[in-house]
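Visitor: Sharing a structure with you now.
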Amino acid sequence: MSLRHVIVSVFVFCAIYPVSANDKAGQANIADEMEAYRAIQNRPVTTVQDLADLLLMYRGEYAKLPTQAKRLERVRELGLVQKEHAGNEDLDLGTLAYALLKVYEPEQGWLYWLTGWERYALRDVQEAGIMPYKSTPAQKLSGEQLLAIMTDAEEFVTKRSEWQKEEKEEKEQ
Amino acid sequence: MITNTILRKKTLLTFFALATLGAVHAKAVAKFESISGLVQYREKGGKWQNAKIGTPLTANTELQTSPTGKATLLFPNGTKVTLKPGTLAALDLYTTGSYGTQTNMSLRVGRMNADIAKVNDANVRNHFRVRTPTVVAGVRGSNADISNGTSTNIRMNEHSMDVMNRTGQQISVPQGGGTQITGNQMVRPDQLESRDNTVTLVMGEGAAPGEAEMAMFAGDFLFSSNPSDFADFLDFLGFLDDLFNRSSVSFEKL
């Protein structure tokens with residue numbers, strides 16, 4: 001084997017290796033999902049792909065979809081992210097609010113019902129107490145902030161179910 | 001002589017083995033009582049490992065549940081701490097003494113429930129303290145829900161709790177009460193209760209039946225409970241008013 005062959009082989013290997021490594025990271029066994037979760041948490045600025053991955057983790061579907069493209073496609077299919085998002089752009093609060101409104105179904109205002117715009121989704125999510133009032137649709141967010149908002153969304157669901165339970169008990173009495 | 005040396009070696013070995021075992025046992029301060037979904041733990045700075053039921057945990061251990069994972073920790077005094085999905089917490093300290101026990105935990109993000117074991121002795125107490133990035137909360141009672149998202153929320157299901165924020169402001173949360181802490185701002189239990197129970201009425205008592213019906217219909221169909229929508233609606237009415245009732249002003253060249 002000539003030196004030229006060796007150099008070409010090294011270049012080919014270097015070009016292919018990162019792709020296969022990415023594929024492996026996408027393939028979800030137990031540790032990988034947690035690693036991916038922590039990677040999102042430590043991100044200084046999150047992307048729409050991070051949101052897609054996180055939403056699928058909450059649905060328990062992350063492990064079933066081996067690549068990022070398939071996960072984004074699945075989230076689009078569920079209608080949680082609007083179709084114009086490519087995945088690699090920075091996540092903003094408007095996009096997150098839209099997804100949260102679809103997933104957690106807080107009460108929707110008529111302006112969102114009428115327009116379906118992210119700015120009205122954000123407002124409805126703020127009213128539900130899931131996001132802070134002092135936030136705007138274009139605001140970017142870090143991984144920690146994203147997980148904090150997801151925590152508030154889960155807390156909202158718990159409170160709502162307790163409230164509904166109390167209401168049901170009152171009606172039965 | 002040889003027998004003596006062997007005996008000495010054996011004694012030393014036994015001593016070291018016992019000391020090592022003792023150290024391991026002294027370090028374990030809690031264990032996983034139940035686990036569902038993905039849950040991992042690590043000693044601070046160490047490598048993350050998958051949790052299993054019965055795994056002993058030492059102080060300075062970080063714990064993380066996945067978005068679908070849940071874990072319950074059991075302490076020697078009978079206290080149970082449940083980490084809900086999507087939680088990153090740490091077990092900082094567990095000590096025992098004549099005062100009872102002291103358990104310190106940190107909650108970076110997520111939600112937990114602390115069910116603190118009761119003690120039938122006036123001089124002994126199971127102290128439980130939770131630290132979040134904005135708050136240090138000392139639970140005096142037996143059951144509390146703590147969540148840390150964009151703000152820290154604490155709700156006492158039984159007994160009471162003292163909460164202190166990072167500026168040193170301190171409040172007491174009574175049984176059945178709650179508090180919300182955002183940055184340096186603390187919502188007192190009575191304020192939180194009043195906010196939760198506040199209802200905005202659509203109509204007054206003096207409304208005629210027809211008006212009442214209309215108001216209810218409008219309330220159900222056009223508006224949500226979202227006050228911003230109402231403000232927008234008023235703006236929209238103002239805009240229509242401007243559009244159709246605009247008084248025209250004309251300037252003529254003199």
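Identifiers for the structure tokens are assigned positionally: chains receive A, B, ... in sequence, residues are indexed from 1 per chain, and ligands are indexed from 1 in the order shown.
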Write down, as a PyMOL selection string, each residue of chain B that has any atom within 6 Å of an atom of chain A, counting only C-alpha atoms.
Guide: chain B and resi 67-68+110+149-150+224
Visitor: Residues of range 22-78 of chain B classed as strand (DSSP E) by DSSP on the backbone are to be reported as a ChimeraX atom specification.
Guide: /B:28-36,39-43,49-50,56-58,61-65,70-74
Visitor: Just the number, please: distance in Å from CA of Asn245 in chain B to CA of Leu114 in chain A, one decimal.
Guide: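 About the pair CA of Asn245 in chain B and CA of Leu114 in chain A: they are 25.9 Å apart.
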Visitor: State, in Å with one decimal place, the distance from CA of Lys70 in chain B to CA of Gly87 in chain A.
Guide: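 If I compute the distance from CA of Lys70 in chain B to CA of Gly87 in chain A, I get 29.3 Å.
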Visitor: Within 10 Å of range 48-63 of chain B, counting only C-alpha atoms, which residues qualify if same-chain residues fewer than 5 places away don't, as an MDAnalysis selection string?
Guide: (chainID A and resid 30:31 34:35) or (chainID B and resid 24:36 38:43 71:75 83 87:95 103:107)
Visitor: Skip Arg125 in chain B itself and residues of its chain fewer than 5 positions away, then list as a ChimeraX atom specification all residues within 7 Å of it, counting only C-alpha atoms.
Guide: /B:99-101,119
Visitor: What lies within 10 Å of Pro44 in chain A using only C-alpha atoms, ignoring chain neighbours under 3 positions off, as a list of chain:residue names?
Guide: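 Listed by chain and then number, they are A:Ile40, A:Gln41, A:Lys140, A:Leu141, A:Ser142, A:Gly143, A:Glu144, A:Gln145.
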Visitor: Using Å and a single decimal, report how far CA of Pro137 in chain A sits from CA of Thr95 in chain A.
Guide: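 Distance reported for this atom pair: 7.6 Å.
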Visitor: Please provide the set of residues having any atom within 7 Å of Leu122 in chain A, restricted to only C-alpha atoms, with same-chain residues fewer than 6 positions apart removed, written as a PDB file with N, CA and C atoms, in the first residue's frame.
Guide:
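To be explicit, this is the file written out as around05.pdb:
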ATOM      1  N   GLY A  94     -41.218  31.908  21.891  1.00  0.00           N
ATOM      2  CA  GLY A  94     -42.444  31.770  21.110  1.00  0.00           C
ATOM      3  C   GLY A  94     -42.632  30.334  20.640  1.00  0.00           C
ATOM      4  N   ALA A  97     -43.410  28.172  23.629  1.00  0.00           N
ATOM      5  CA  ALA A  97     -44.778  28.393  24.112  1.00  0.00           C
ATOM      6  C   ALA A  97     -45.787  27.661  23.232  1.00  0.00           C
ATOM      7  N   TYR A  98     -45.544  27.697  21.923  1.00  0.00           N
ATOM      8  CA  TYR A  98     -46.442  27.027  20.977  1.00  0.00           C
ATOM      9  C   TYR A  98     -46.478  25.522  21.284  1.00  0.00           C
ATOM     10  N   PRO A 137     -41.538  36.744  22.750  1.00  0.00           N
ATOM     11  CA  PRO A 137     -41.442  35.570  21.870  1.00  0.00           C
ATOM     12  C   PRO A 137     -40.054  35.333  21.274  1.00  0.00           C
TER      13      PRO A 137
END
Visitor: Using only C-alpha atoms, can you tell me which of B:Asp121, B:Pro85, B:Asn113, B:Asn126 comes closest to Gly97 in chain B?
Guide: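 Closest to Gly97 in chain B of all the choices is B:Asn126.
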